[in-house]
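Student: Input structure: target_12.cif, which contains mmCIF, C-alpha atoms.
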```cif
data_data
#
loop_
_atom_site.label_atom_id
_atom_site.label_comp_id
_atom_site.auth_asym_id
_atom_site.auth_seq_id
_atom_site.Cartn_x
_atom_site.Cartn_y
_atom_site.Cartn_z
CA MET A 177 37.04 -19.60 4.56
CA THR A 178 35.90 -22.27 6.99
CA ALA A 179 32.36 -22.67 8.18
CA SER A 180 33.33 -21.44 11.62
CA THR A 181 34.69 -18.14 10.28
CA ALA A 182 32.09 -17.51 7.52
CA PRO A 183 30.03 -14.37 8.14
CA ARG A 184 26.56 -15.11 9.45
CA ALA A 185 23.65 -14.09 7.24
CA PRO A 186 21.68 -11.10 8.55
CA ARG A 187 18.75 -12.02 10.73
CA ILE A 188 15.73 -10.38 12.30
CA ILE A 189 16.89 -9.34 15.74
CA ALA A 190 13.90 -7.37 17.03
CA VAL A 191 10.17 -6.97 16.52
CA ASP A 192 9.26 -3.60 18.04
CA THR A 193 5.64 -2.56 18.54
CA TYR A 194 4.01 0.81 19.10
CA ASP A 195 0.44 1.70 20.07
CA ILE A 196 -0.13 4.85 17.98
CA ARG A 197 -3.35 6.86 18.35
CA PHE A 198 -4.40 10.15 16.79
CA PRO A 199 -7.16 12.33 18.32
CA THR A 200 -9.36 12.47 15.23
CA SER A 201 -12.52 12.32 17.34
CA ARG A 202 -11.91 15.92 18.41
CA GLU A 203 -12.96 17.19 14.97
CA LEU A 204 -15.18 14.18 14.12
CA ASP A 205 -12.87 13.19 11.29
CA GLY A 206 -13.75 9.63 10.35
CA SER A 207 -17.21 9.73 11.92
CA ASP A 208 -19.92 7.51 10.45
CA ALA A 209 -23.17 5.80 11.39
CA MET A 210 -21.45 2.97 13.28
CA ASN A 211 -18.36 4.80 14.54
CA PRO A 212 -19.35 8.25 15.80
CA ASP A 213 -16.12 9.19 17.59
CA PRO A 214 -13.10 7.34 16.15
CA ASP A 215 -9.53 8.06 17.16
CA TYR A 216 -7.65 6.75 14.12
CA SER A 217 -4.94 4.42 15.36
CA ALA A 218 -2.27 1.99 14.26
CA GLY A 219 -0.93 -1.19 15.79
CA TYR A 220 2.54 -0.46 14.46
CA VAL A 221 5.43 -2.91 14.05
CA VAL A 222 9.09 -2.51 13.05
CA LEU A 223 11.29 -5.44 12.04
CA ARG A 224 14.95 -4.70 12.77
CA THR A 225 17.89 -6.67 11.40
CA ASP A 226 21.62 -6.91 12.10
CA ALA A 227 22.46 -6.36 8.43
CA GLY A 228 24.06 -2.98 9.06
CA ASP A 229 22.42 -1.45 5.98
CA GLY A 230 19.92 0.63 7.95
CA HIS A 231 16.92 -1.08 6.38
CA GLU A 232 13.92 -1.87 8.55
CA GLY A 233 10.56 -3.38 7.76
CA HIS A 234 7.56 -1.30 8.79
CA GLY A 235 3.94 -2.44 8.93
CA PHE A 236 0.74 -1.76 10.84
CA THR A 237 -2.92 -2.54 11.31
CA PHE A 238 -5.61 0.12 11.42
CA THR A 239 -7.99 0.51 14.36
CA ILE A 240 -10.09 3.39 15.68
CA GLY A 241 -8.81 3.77 19.25
CA ARG A 242 -10.02 1.62 22.13
CA GLY A 243 -8.76 -1.91 21.70
CA ASN A 244 -5.59 -0.96 19.88
CA GLU A 245 -3.71 -2.48 22.82
CA VAL A 246 -5.31 -5.84 21.95
CA GLN A 247 -3.97 -5.52 18.42
CA ILE A 248 -0.51 -4.79 19.81
CA ALA A 249 -0.68 -7.90 22.00
CA ALA A 250 -1.54 -10.00 18.95
CA ILE A 251 1.45 -8.68 17.02
CA GLU A 252 3.73 -9.30 19.99
CA ALA A 253 2.50 -12.90 20.15
CA LEU A 254 4.15 -13.40 16.75
CA ARG A 255 7.59 -12.28 17.93
CA PRO A 256 8.94 -15.81 18.66
CA HIS A 257 8.02 -16.85 15.11
CA ILE A 258 10.10 -14.06 13.56
CA VAL A 259 13.13 -13.18 15.68
CA GLY A 260 16.18 -15.12 14.55
CA ARG A 261 14.93 -15.85 11.04
CA SER A 262 17.09 -15.03 8.05
CA ALA A 263 16.20 -11.59 6.69
CA GLU A 264 17.42 -12.64 3.26
CA GLU A 265 15.19 -15.71 3.18
CA LEU A 266 12.15 -13.80 4.38
CA CYS A 267 12.58 -11.13 1.72
CA ALA A 268 13.21 -13.69 -1.00
CA ASP A 269 9.99 -15.53 -0.12
CA PRO A 270 7.50 -13.61 2.06
CA GLY A 271 5.00 -16.33 1.24
CA ALA A 272 6.94 -18.77 3.40
CA LEU A 273 6.35 -16.61 6.48
CA SER A 274 2.72 -16.08 5.52
CA ARG A 275 2.18 -19.84 5.27
CA ASP A 276 4.03 -20.50 8.54
CA LEU A 277 2.00 -17.98 10.52
CA ASN A 278 -1.37 -18.83 9.00
CA GLY A 279 -0.60 -22.54 9.28
CA ASP A 280 0.39 -22.53 12.95
CA SER A 281 -2.29 -24.67 14.58
CA GLN A 282 -2.52 -22.68 17.80
CA LEU A 283 -2.60 -19.31 16.04
CA ARG A 284 -5.27 -20.65 13.67
CA TRP A 285 -7.41 -21.60 16.63
CA LEU A 286 -7.72 -17.86 17.36
CA GLY A 287 -9.18 -17.28 13.88
CA PRO A 288 -8.81 -19.10 11.69
CA GLU A 289 -7.61 -16.46 9.21
CA LYS A 290 -9.83 -13.73 10.59
CA GLY A 291 -9.97 -11.19 13.35
CA VAL A 292 -7.26 -9.58 15.43
CA MET A 293 -4.74 -12.40 14.96
CA HIS A 294 -5.09 -12.39 11.19
CA MET A 295 -4.66 -8.62 11.09
CA ALA A 296 -1.53 -8.99 13.21
CA ILE A 297 -0.15 -11.52 10.74
CA GLY A 298 -0.94 -9.07 7.95
CA ALA A 299 1.01 -6.31 9.69
CA VAL A 300 4.09 -8.50 10.06
CA VAL A 301 3.87 -9.89 6.52
CA ASN A 302 3.48 -6.36 5.14
CA ALA A 303 6.56 -5.31 7.13
CA VAL A 304 8.53 -8.06 5.41
CA TRP A 305 7.39 -6.78 2.01
CA ASP A 306 8.42 -3.28 3.04
CA LEU A 307 11.87 -4.60 3.96
CA ALA A 308 12.13 -6.59 0.72
CA ALA A 309 11.22 -3.57 -1.42
CA LYS A 310 13.75 -1.40 0.40
CA GLN A 311 16.47 -3.99 -0.14
CA GLN A 312 15.65 -4.09 -3.85
CA GLY A 313 15.56 -0.31 -4.05
CA LYS A 314 12.04 -0.26 -5.48
CA PRO A 315 8.61 0.96 -4.42
CA LEU A 316 6.47 -2.08 -3.70
CA TRP A 317 4.17 -1.61 -6.71
CA GLN A 318 7.21 -1.81 -8.99
CA LEU A 319 8.68 -4.83 -7.18
CA LEU A 320 5.39 -6.66 -7.78
CA ALA A 321 5.05 -5.47 -11.37
CA ASP A 322 8.62 -6.53 -12.19
CA ALA A 323 8.29 -9.94 -10.50
CA GLU A 324 8.05 -13.11 -12.57
CA PRO A 325 4.50 -14.48 -12.71
CA ASP A 326 5.65 -17.89 -11.46
CA TRP A 327 7.17 -16.31 -8.35
CA LEU A 328 4.02 -14.29 -7.67
CA VAL A 329 1.89 -17.42 -7.95
CA ASP A 330 4.16 -19.11 -5.40
CA GLN A 331 3.40 -16.27 -2.99
CA ILE A 332 -0.31 -17.11 -2.92
CA ASP A 333 -2.15 -19.58 -0.70
CA PHE A 334 -4.76 -21.23 -2.94
CA ARG A 335 -6.26 -23.24 -0.12
CA TYR A 336 -10.06 -22.80 -0.06
CA ILE A 337 -10.14 -20.80 -3.32
CA ALA A 338 -8.72 -23.31 -5.84
CA ASP A 339 -12.22 -24.33 -6.89
CA VAL A 340 -12.58 -20.84 -8.37
CA LEU A 341 -8.99 -19.66 -8.91
CA SER A 342 -6.36 -22.33 -9.54
CA PRO A 343 -2.60 -21.67 -9.71
CA GLU A 344 -2.88 -22.23 -13.46
CA ASP A 345 -5.62 -19.59 -13.70
CA ALA A 346 -3.51 -17.14 -11.73
CA LEU A 347 -0.44 -17.78 -13.86
CA ALA A 348 -2.39 -17.19 -17.07
CA LEU A 349 -3.83 -13.91 -15.72
CA LEU A 350 -0.39 -12.68 -14.65
CA ARG A 351 1.28 -13.67 -17.91
CA ASN A 352 -1.40 -11.87 -19.88
CA GLY A 353 -1.03 -8.89 -17.57
CA ARG A 354 2.60 -8.44 -18.53
CA GLU A 355 1.66 -7.60 -22.12
CA GLY A 356 1.96 -3.84 -22.51
CA ALA A 357 3.14 -3.38 -18.92
CA ALA A 358 6.01 -1.07 -19.88
CA ASP A 359 3.65 1.36 -21.60
CA ARG A 360 1.24 1.32 -18.67
CA GLU A 361 4.07 1.92 -16.22
CA ALA A 362 5.08 4.97 -18.22
CA ALA A 363 1.48 6.20 -18.24
CA LEU A 364 1.20 5.64 -14.49
CA ARG A 365 4.34 7.64 -13.82
CA GLU A 366 3.04 10.44 -16.02
CA ARG A 367 -0.62 10.63 -15.02
CA GLY A 368 -0.95 8.75 -11.75
CA TYR A 369 -3.88 6.58 -10.66
CA PRO A 370 -7.49 7.84 -10.28
CA ALA A 371 -8.69 8.74 -6.79
CA TYR A 372 -11.99 9.59 -5.15
CA THR A 373 -12.35 11.42 -1.86
CA THR A 374 -14.33 10.77 1.31
CA SER A 375 -13.06 13.93 3.00
CA PRO A 376 -16.31 15.94 2.54
CA GLY A 377 -18.61 13.20 3.75
CA TRP A 378 -17.97 12.37 7.41
CA LEU A 379 -21.26 12.06 9.24
CA GLY A 380 -20.38 14.49 12.00
CA TYR A 381 -19.66 17.40 9.65
CA SER A 382 -22.10 20.28 9.32
CA ASP A 383 -23.89 20.87 6.02
CA ALA A 384 -21.82 24.01 5.50
CA LYS A 385 -18.59 22.07 5.91
CA LEU A 386 -19.86 19.29 3.63
CA LYS A 387 -20.74 21.84 0.93
CA ARG A 388 -17.40 23.63 1.19
CA LEU A 389 -15.34 20.44 1.07
CA ALA A 390 -17.40 18.98 -1.77
CA GLU A 391 -16.86 22.10 -3.87
CA GLU A 392 -13.15 22.01 -3.05
CA ALA A 393 -12.98 18.35 -4.10
CA VAL A 394 -14.38 19.15 -7.53
CA ALA A 395 -11.99 22.09 -7.89
CA ASP A 396 -9.13 19.73 -6.99
CA GLY A 397 -9.99 17.42 -9.87
CA PHE A 398 -11.91 14.63 -8.12
CA THR A 399 -14.72 13.12 -10.19
CA GLN A 400 -16.22 11.17 -7.27
CA ILE A 401 -16.90 11.90 -3.61
CA LYS A 402 -18.37 9.70 -0.87
CA LEU A 403 -20.86 10.47 1.89
CA LYS A 404 -21.47 8.54 5.09
CA VAL A 405 -25.13 7.63 5.60
CA GLY A 406 -27.31 5.41 7.74
CA ALA A 407 -27.98 7.17 11.04
CA ASP A 408 -31.08 9.19 10.12
CA LEU A 409 -32.90 9.05 6.78
CA GLU A 410 -34.17 12.63 6.79
CA GLU A 411 -30.66 13.89 7.56
CA ASP A 412 -29.25 11.71 4.77
CA ILE A 413 -31.76 13.15 2.30
CA ARG A 414 -30.78 16.67 3.31
CA ARG A 415 -27.05 15.94 3.15
CA CYS A 416 -27.29 14.18 -0.21
CA ARG A 417 -29.28 17.12 -1.58
CA THR A 418 -26.62 19.50 -0.30
CA ALA A 419 -23.81 17.45 -1.84
CA ARG A 420 -25.54 17.02 -5.21
CA ALA A 421 -26.19 20.77 -5.43
CA ALA A 422 -22.55 21.44 -4.58
CA VAL A 423 -20.94 19.09 -7.13
CA GLY A 424 -23.47 19.16 -9.97
CA PRO A 425 -24.93 16.29 -11.98
CA ASP A 426 -21.74 14.88 -13.51
CA ILE A 427 -19.75 14.05 -10.36
CA ARG A 428 -20.30 10.59 -8.88
CA ILE A 429 -21.54 10.46 -5.29
CA ALA A 430 -21.03 7.16 -3.50
CA ILE A 431 -22.75 6.49 -0.17
CA ASP A 432 -21.47 4.36 2.70
CA ALA A 433 -23.59 2.87 5.51
CA ASN A 434 -20.72 1.18 7.36
CA GLN A 435 -22.77 -2.02 8.01
CA ARG A 436 -25.62 -0.15 9.72
CA TRP A 437 -28.67 -1.83 8.16
CA ASN A 438 -30.58 -5.08 7.97
CA VAL A 439 -31.05 -6.30 4.40
CA ASP A 440 -34.64 -5.08 3.88
CA GLU A 441 -33.85 -1.79 5.59
CA ALA A 442 -30.88 -1.24 3.27
CA ILE A 443 -33.05 -1.64 0.19
CA VAL A 444 -35.72 0.78 1.44
CA TRP A 445 -33.12 3.36 2.55
CA VAL A 446 -31.14 3.33 -0.70
CA ARG A 447 -34.33 3.62 -2.76
CA ALA A 448 -35.23 6.68 -0.71
CA LEU A 449 -31.94 8.27 -1.82
CA GLU A 450 -32.22 7.31 -5.51
CA GLU A 451 -33.22 10.83 -6.58
CA PHE A 452 -29.65 11.95 -5.82
CA ASP A 453 -28.19 9.35 -8.21
CA PRO A 454 -25.88 7.50 -5.80
CA TYR A 455 -23.16 5.60 -7.67
CA TRP A 456 -22.74 2.82 -5.12
CA ILE A 457 -23.91 1.85 -1.66
CA GLU A 458 -20.98 0.65 0.43
CA GLU A 459 -21.25 -1.86 3.28
CA PRO A 460 -25.05 -1.87 3.33
CA THR A 461 -25.16 -4.73 5.86
CA SER A 462 -22.90 -7.17 7.72
CA PRO A 463 -19.67 -7.86 5.78
CA ASP A 464 -20.13 -11.57 6.52
CA ASP A 465 -23.60 -11.75 4.95
CA VAL A 466 -22.84 -12.87 1.40
CA LEU A 467 -26.44 -13.68 0.49
CA GLY A 468 -27.63 -10.48 2.15
CA HIS A 469 -25.36 -8.47 -0.12
CA ALA A 470 -26.73 -10.36 -3.11
CA ALA A 471 -30.28 -9.50 -2.06
CA VAL A 472 -29.38 -5.83 -1.59
CA ARG A 473 -27.72 -5.79 -5.01
CA ARG A 474 -30.90 -7.10 -6.65
CA GLY A 475 -33.04 -4.70 -4.65
CA VAL A 476 -31.20 -1.42 -5.29
CA PHE A 477 -30.17 -1.79 -8.95
CA PRO A 478 -29.03 0.35 -10.81
CA VAL A 479 -27.20 1.60 -7.70
CA LEU A 480 -24.08 -0.55 -7.40
CA VAL A 481 -23.06 -2.48 -4.28
CA ALA A 482 -19.52 -2.19 -2.90
CA THR A 483 -17.92 -3.87 0.09
CA GLY A 484 -14.63 -5.23 1.39
CA GLU A 485 -12.96 -3.12 4.06
CA HIS A 486 -14.19 -5.52 6.77
CA VAL A 487 -14.17 -8.69 4.69
CA GLN A 488 -11.91 -10.92 6.69
CA ASN A 489 -10.20 -13.12 4.09
CA ARG A 490 -9.96 -14.32 0.49
CA ILE A 491 -12.59 -17.00 1.11
CA VAL A 492 -15.39 -14.52 1.85
CA PHE A 493 -14.34 -12.46 -1.17
CA LYS A 494 -14.54 -15.64 -3.26
CA GLN A 495 -18.10 -16.22 -2.08
CA LEU A 496 -19.15 -12.60 -2.69
CA LEU A 497 -17.93 -12.95 -6.25
CA GLN A 498 -19.46 -16.38 -6.76
CA ALA A 499 -22.84 -15.15 -5.50
CA ARG A 500 -22.72 -12.05 -7.73
CA ALA A 501 -23.23 -10.08 -4.53
CA ILE A 502 -21.02 -7.06 -5.29
CA ASP A 503 -20.25 -4.76 -8.21
CA ILE A 504 -17.17 -3.15 -6.64
CA LEU A 505 -14.56 -4.99 -4.57
CA GLN A 506 -12.95 -2.90 -1.83
CA LEU A 507 -9.87 -4.67 -0.58
CA ASP A 508 -8.05 -3.34 2.47
CA ALA A 509 -4.28 -3.47 2.86
CA ALA A 510 -4.41 -4.00 6.64
CA ARG A 511 -7.51 -6.15 7.23
CA VAL A 512 -6.47 -9.48 5.66
CA GLY A 513 -3.19 -11.40 5.90
CA GLY A 514 -1.00 -8.91 4.07
CA VAL A 515 0.24 -8.52 0.50
CA ASN A 516 0.16 -12.25 -0.20
CA GLU A 517 -3.54 -12.59 0.51
CA ASN A 518 -4.31 -9.35 -1.31
CA LEU A 519 -2.59 -10.77 -4.40
CA ALA A 520 -5.09 -13.63 -4.26
CA ILE A 521 -7.97 -11.16 -3.86
CA LEU A 522 -6.79 -9.05 -6.81
CA LEU A 523 -6.59 -12.18 -8.94
CA LEU A 524 -10.07 -13.30 -7.88
CA ALA A 525 -11.47 -9.90 -8.86
CA ALA A 526 -9.61 -10.03 -12.19
CA LYS A 527 -11.02 -13.46 -13.00
CA PHE A 528 -14.59 -12.30 -12.31
CA GLY A 529 -14.07 -8.96 -14.10
CA ILE A 530 -15.03 -6.94 -11.01
CA PRO A 531 -13.28 -3.58 -10.54
CA VAL A 532 -11.25 -3.00 -7.37
CA CYS A 533 -11.64 0.32 -5.55
CA PRO A 534 -9.62 -0.09 -2.34
CA HIS A 535 -10.66 1.14 1.06
CA ALA A 536 -8.25 3.76 2.30
CA GLY A 537 -10.13 5.80 4.88
CA GLY A 538 -7.78 5.27 7.81
CA VAL A 539 -4.34 6.24 9.03
CA GLY A 540 -1.72 5.02 6.54
CA LEU A 541 -4.14 3.05 4.39
CA CYS A 542 -3.82 5.45 1.45
CA GLU A 543 -0.06 4.97 1.63
CA LEU A 544 -0.40 1.18 1.40
CA VAL A 545 -3.23 0.49 -1.02
CA GLN A 546 -1.87 2.73 -3.76
CA HIS A 547 0.83 0.10 -4.35
CA LEU A 548 -1.71 -2.70 -4.78
CA SER A 549 -3.87 -0.79 -7.26
CA MET A 550 -0.87 0.35 -9.25
CA PHE A 551 0.44 -3.20 -9.54
CA ASP A 552 -3.03 -4.31 -10.64
CA TYR A 553 -3.04 -1.68 -13.39
CA VAL A 554 0.50 -2.17 -14.63
CA ALA A 555 0.83 -5.96 -14.49
CA LEU A 556 -2.57 -7.62 -13.99
CA THR A 557 -5.78 -6.08 -15.35
CA GLY A 558 -4.22 -3.21 -17.30
CA SER A 559 -7.24 -1.02 -16.64
CA THR A 560 -8.36 1.91 -14.50
CA LYS A 561 -11.91 1.93 -15.91
CA ASN A 562 -14.41 2.40 -13.07
CA ARG A 563 -11.53 2.06 -10.63
CA ALA A 564 -10.34 4.60 -8.10
CA ILE A 565 -8.47 4.56 -4.81
CA GLU A 566 -10.17 6.18 -1.84
CA TYR A 567 -8.43 9.29 -0.53
CA VAL A 568 -8.79 11.03 2.82
CA ASP A 569 -6.76 14.17 3.37
CA HIS A 570 -5.56 13.73 6.93
CA LEU A 571 -2.63 12.18 8.86
CA HIS A 572 -0.35 11.83 5.82
CA GLU A 573 2.11 14.25 7.40
CA HIS A 574 3.10 11.52 9.87
CA PHE A 575 4.69 9.32 7.19
CA GLU A 576 8.18 9.53 5.74
CA HIS A 577 6.82 9.10 2.21
CA PRO A 578 3.22 10.33 2.21
CA VAL A 579 0.88 9.97 -0.71
CA HIS A 580 0.72 12.80 -3.20
CA VAL A 581 -2.61 13.43 -4.92
CA GLU A 582 -2.88 15.99 -7.70
CA ASN A 583 -5.78 16.67 -10.06
CA GLY A 584 -7.68 13.77 -8.55
CA HIS A 585 -4.89 11.22 -9.13
CA TYR A 586 -2.39 9.44 -6.89
CA ALA A 587 1.19 10.04 -8.04
CA ALA A 588 3.17 6.82 -8.36
CA PRO A 589 5.48 6.39 -5.33
CA THR A 590 9.19 6.43 -6.13
CA ALA A 591 10.76 5.77 -2.71
CA PRO A 592 11.77 2.16 -2.02
CA GLY A 593 9.41 0.25 0.28
CA PHE A 594 5.70 -0.01 1.03
CA SER A 595 5.31 3.66 2.12
CA ALA A 596 4.52 2.38 5.63
CA GLN A 597 7.23 4.12 7.66
CA MET A 598 6.04 6.69 10.18
CA LYS A 599 8.20 9.59 11.25
CA ALA A 600 10.04 9.03 14.51
CA GLN A 601 8.68 12.28 15.93
CA SER A 602 5.10 11.21 15.24
CA ILE A 603 5.69 7.95 17.11
CA THR A 604 7.18 9.86 20.03
CA THR A 605 4.26 12.29 20.10
CA PHE A 606 1.28 9.97 19.58
CA ARG A 607 2.40 6.73 21.21
CA TYR A 608 -0.32 5.77 23.68
CA PRO A 609 -0.52 6.40 26.58
CA GLY A 610 2.93 7.81 27.23
CA GLY A 611 3.58 9.90 24.11
CA THR A 612 3.95 13.62 24.59
CA TYR A 613 0.50 14.44 23.21
CA TRP A 614 -1.37 11.87 25.31
CA ALA A 615 0.64 12.57 28.46
CA ALA A 616 -0.18 16.27 28.17
CA ASP A 617 -3.84 15.42 27.44
CA ALA A 618 -4.04 13.25 30.55
CA ALA A 619 -2.47 15.99 32.65
CA ASP A 620 -4.97 18.54 31.32
CA ASN A 621 -7.88 16.21 32.11
CA GLU A 622 -6.57 15.59 35.61
CA GLU A 623 -6.23 19.30 36.21
CA ALA A 624 -9.73 19.96 34.88
CA THR A 625 -11.29 17.42 37.23
CA ALA A 626 -9.21 18.37 40.29
#
```
As a first step, turn the structure in this file into structure tokens.
Tutor:
Amino acid sequence: MTASTAPRAPRIIAVDTYDIRFPTSRELDGSDAMNPDPDYSAGYVVLRTDAGDGHEGHGFTFTIGRGNEVQIAAIEALRPHIVGRSAEELCADPGALSRDLNGDSQLRWLGPEKGVMHMAIGAVVNAVWDLAAKQQGKPLWQLLADAEPDWLVDQIDFRYIADVLSPEDALALLRNGREGAADREAALRERGYPAYTTSPGWLGYSDAKLKRLAEEAVADGFTQIKLKVGADLEEDIRRCRTARAAVGPDIRIAIDANQRWNVDEAIVWVRALEEFDPYWIEEPTSPDDVLGHAAVRRGVFPVLVATGEHVQNRIVFKQLLQARAIDILQLDAARVGGVNENLAILLLAAKFGIPVCPHAGGVGLCELVQHLSMFDYVALTGSTKNRAIEYVDHLHEHFEHPVHVENGHYAAPTAPGFSAQMKAQSITTFRYPGGTYWAADAADNEEATA
């Protein structure tokens, strides 16, 4: 066959974007001290190919409503960097795309490696991983666990972190992590991965609803719940007392301030709640304040300090670990630059011996982060001690392969991909502003004000 008649390798032919918003503010789902009325949303992207095999790559970022259109614009700005590229080459080496996008000088000027542009890169990179896992016929956690350590190391950008985690360090951790991996994979498939739930603890819920949901969480097998705090100390004392009475002394209660406090204020506030035995205080202050977190950690001990859902990149995580500023690392699947950067973050945590309890309190985040934690257990740290994935029990019905949690554990996904694919009907209904739900809502509002 001559070059002129050889079949052309499949390529990316379209990067489709969707502004998806869910009206969670109507019931105050997701409400906290900094975000009283969130509408959980996704800047959603689909990579389409001309392969003819029906496989698509799906990814998204998580926002809480207003501004989601800015996130969509950032994803669309990446389209010229992706359309026309070989799908086979992208799936064989997602790190190449990650390096290209993060290394583009003009894109970097909008960050660098932080903010809306970095999240957009993460959505696209995650979509490539979704496509790669589908092509291999594996759930992403298994693709990562089965991968050769040398290949995984090649997926990681060690720039700015090599002083703490070198490629040689990473390779040694991954090679050690393969020992006993088959037994751990079998255990994961049988028992699942530990979860904790935030569902009882949204700040806008009544005490009666908090009590009922906390009792249900314990009955459902959860050994840890989380409460939002930080708006009013007297209310927090009352709510913590209600929760502790509902779950008893043996269930962990974590508290989450969502960046509400100054450093000194955080220490005073957490000490005021010590009688309720909080397990950790999450995001006590600005996610960028490394030394502030270290001061809070010293000031609230033995309450642990957790943070990470708004940490913008691997470099800040490196500094939090170096400064001994956190006890729990909370990576987010859609905040940083995608799977590649999260591999670096998992390895940093493993080197420092800090447990990872991912943030998953938004639309689709439970679906994504389960893969990262399960890879960490099977093929990196080999442990679930003091580790749990956050679980929130809403919006899963909009995904083709939603998470399944039973007896307080995430079941290991079996469907190929990154579990990121939304149902077509959900996109049609909740696309903003023209989806059927939002169009009807606008019409109702217009009629009410006429």
Student: Would you translate the PyMOL selection byres ((chain A and resi 341) around 9) into the concrete set of residues it matches in this file, as a ChimeraX atom specification?
Tutor: /A:334,337-340,342-346,494,520,523-524,527
Student: So which one's closest to Asp205 (chain A), A:Met293, A:Pro531, A:Glu485, A:Leu379? Using all atoms listed in the file, please.
Tutor: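 Of the candidates, the smallest distance to Asp205 (chain A) is held by A:Leu379.
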Student: Which is closer to Gly529 (chain A) than all the others in A:Gly558, A:Gly513, A:Pro478, A:Pro460, using only C-alpha atoms?
Tutor: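 For Gly529 (chain A), the nearest of the candidates is A:Gly558.
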Student: Name the residues in contact with Ile457 (chain A) at a cut-off of 12 Å, using all atoms listed in the file, excluding same-chain residues fewer than 3 positions from it; report them as a CSV table (one decimal) with C-alpha atoms, in the frame of the given file.
Tutor:
```csv
chain,number,residue,atom,x,y,z
A,402,LYS,CA,-18.4,9.7,-0.9
A,403,LEU,CA,-20.9,10.5,1.9
A,404,LYS,CA,-21.5,8.5,5.1
A,405,VAL,CA,-25.1,7.6,5.6
A,406,GLY,CA,-27.3,5.4,7.7
A,428,ARG,CA,-20.3,10.6,-8.9
A,429,ILE,CA,-21.5,10.5,-5.3
A,430,ALA,CA,-21.0,7.2,-3.5
A,431,ILE,CA,-22.8,6.5,-0.2
A,432,ASP,CA,-21.5,4.4,2.7
A,433,ALA,CA,-23.6,2.9,5.5
A,434,ASN,CA,-20.7,1.2,7.4
A,435,GLN,CA,-22.8,-2.0,8.0
A,436,ARG,CA,-25.6,-0.2,9.7
A,437,TRP,CA,-28.7,-1.8,8.2
A,442,ALA,CA,-30.9,-1.2,3.3
A,443,ILE,CA,-33.0,-1.6,0.2
A,445,TRP,CA,-33.1,3.4,2.6
A,446,VAL,CA,-31.1,3.3,-0.7
A,447,ARG,CA,-34.3,3.6,-2.8
A,449,LEU,CA,-31.9,8.3,-1.8
A,450,GLU,CA,-32.2,7.3,-5.5
A,453,ASP,CA,-28.2,9.4,-8.2
A,454,PRO,CA,-25.9,7.5,-5.8
A,460,PRO,CA,-25.0,-1.9,3.3
A,461,THR,CA,-25.2,-4.7,5.9
A,469,HIS,CA,-25.4,-8.5,-0.1
A,472,VAL,CA,-29.4,-5.8,-1.6
A,473,ARG,CA,-27.7,-5.8,-5.0
A,475,GLY,CA,-33.0,-4.7,-4.6
A,476,VAL,CA,-31.2,-1.4,-5.3
A,477,PHE,CA,-30.2,-1.8,-9.0
A,478,PRO,CA,-29.0,0.4,-10.8
A,479,VAL,CA,-27.2,1.6,-7.7
A,480,LEU,CA,-24.1,-0.6,-7.4
A,481,VAL,CA,-23.1,-2.5,-4.3
A,482,ALA,CA,-19.5,-2.2,-2.9
A,483,THR,CA,-17.9,-3.9,0.1
A,502,ILE,CA,-21.0,-7.1,-5.3
A,503,ASP,CA,-20.2,-4.8,-8.2
A,504,ILE,CA,-17.2,-3.2,-6.6
A,505,LEU,CA,-14.6,-5.0,-4.6
A,506,GLN,CA,-13.0,-2.9,-1.8
```
Student: Taking only C-alpha atoms into account, name the residue in A:Thr193, A:Asn438, A:Pro609, A:Gly538 that is nearest to Thr239 (chain A).
Tutor: A:Gly538
Student: Written as a ChimeraX atom specification, which residues does the PyMOL selection byres ((chain A and resi 584-599) around 6) give for the file shown?
Tutor: /A:234-235,306,309-310,313-316,365,368-371,397-398,543,574-577,580-583,600-602
Student: One decimal, in Å: what's the spacing between CA of Asp229 (chain A) and CA of Leu277 (chain A)?
Tutor: 26.7 Å
Student: For the atom pair CA of Glu264 (chain A) and CA of Trp327 (chain A), what is the interatomic distance in Å to one decimal place?
Tutor: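 Computed distance, CA of Glu264 (chain A) to CA of Trp327 (chain A), equals 15.9 Å.
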Student: Env of Pro534 (chain A): 10 Å cut, atoms = all atoms listed in the file, seq-sep filter 6 positions within chain, self excluded. Answer as a list in words.
Tutor: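 Listed by chain and then number, they are Ala371, Thr483, Gly484, Glu485, Ile504, Leu505, Gln506, Leu507, Asp508, Ala509, Leu541, Cys542, Val545, Gln546, Leu548, Ser549, Arg563, Ala564, Ile565, Glu566 and Tyr567 of chain A.
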Student: Apply the PyMOL selection byres ((chain A and resi 213) around 12) to the file shown and report the selected residues as a PyMOL selection string.
Tutor: chain A and resi 198-212+214-216+240-242+378-381
Student: Could you tell me how far CA of Gly424 (chain A) lies from CA of Tyr455 (chain A), in Å and to one decimal?
Tutor: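 Pair CA of Gly424 (chain A) / CA of Tyr455 (chain A) returns 13.8 Å.
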Student: Could you check the closest approach to Phe238 (chain A) for each of A:Pro425, A:Pro288, A:Gly279, A:Gly537 and tell me which residue wins, using all atoms listed in the file?
Tutor: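 Using all atoms listed in the file, the shortest distance to Phe238 (chain A) belongs to A:Gly537.
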Student: Taking only C-alpha atoms into account, name the residue in A:Leu496, A:Ala308, A:Ala536, A:Ala525 that is nearest to Glu265 (chain A).
Tutor: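 Using only C-alpha atoms, Glu265 (chain A) sits closest to A:Ala308.
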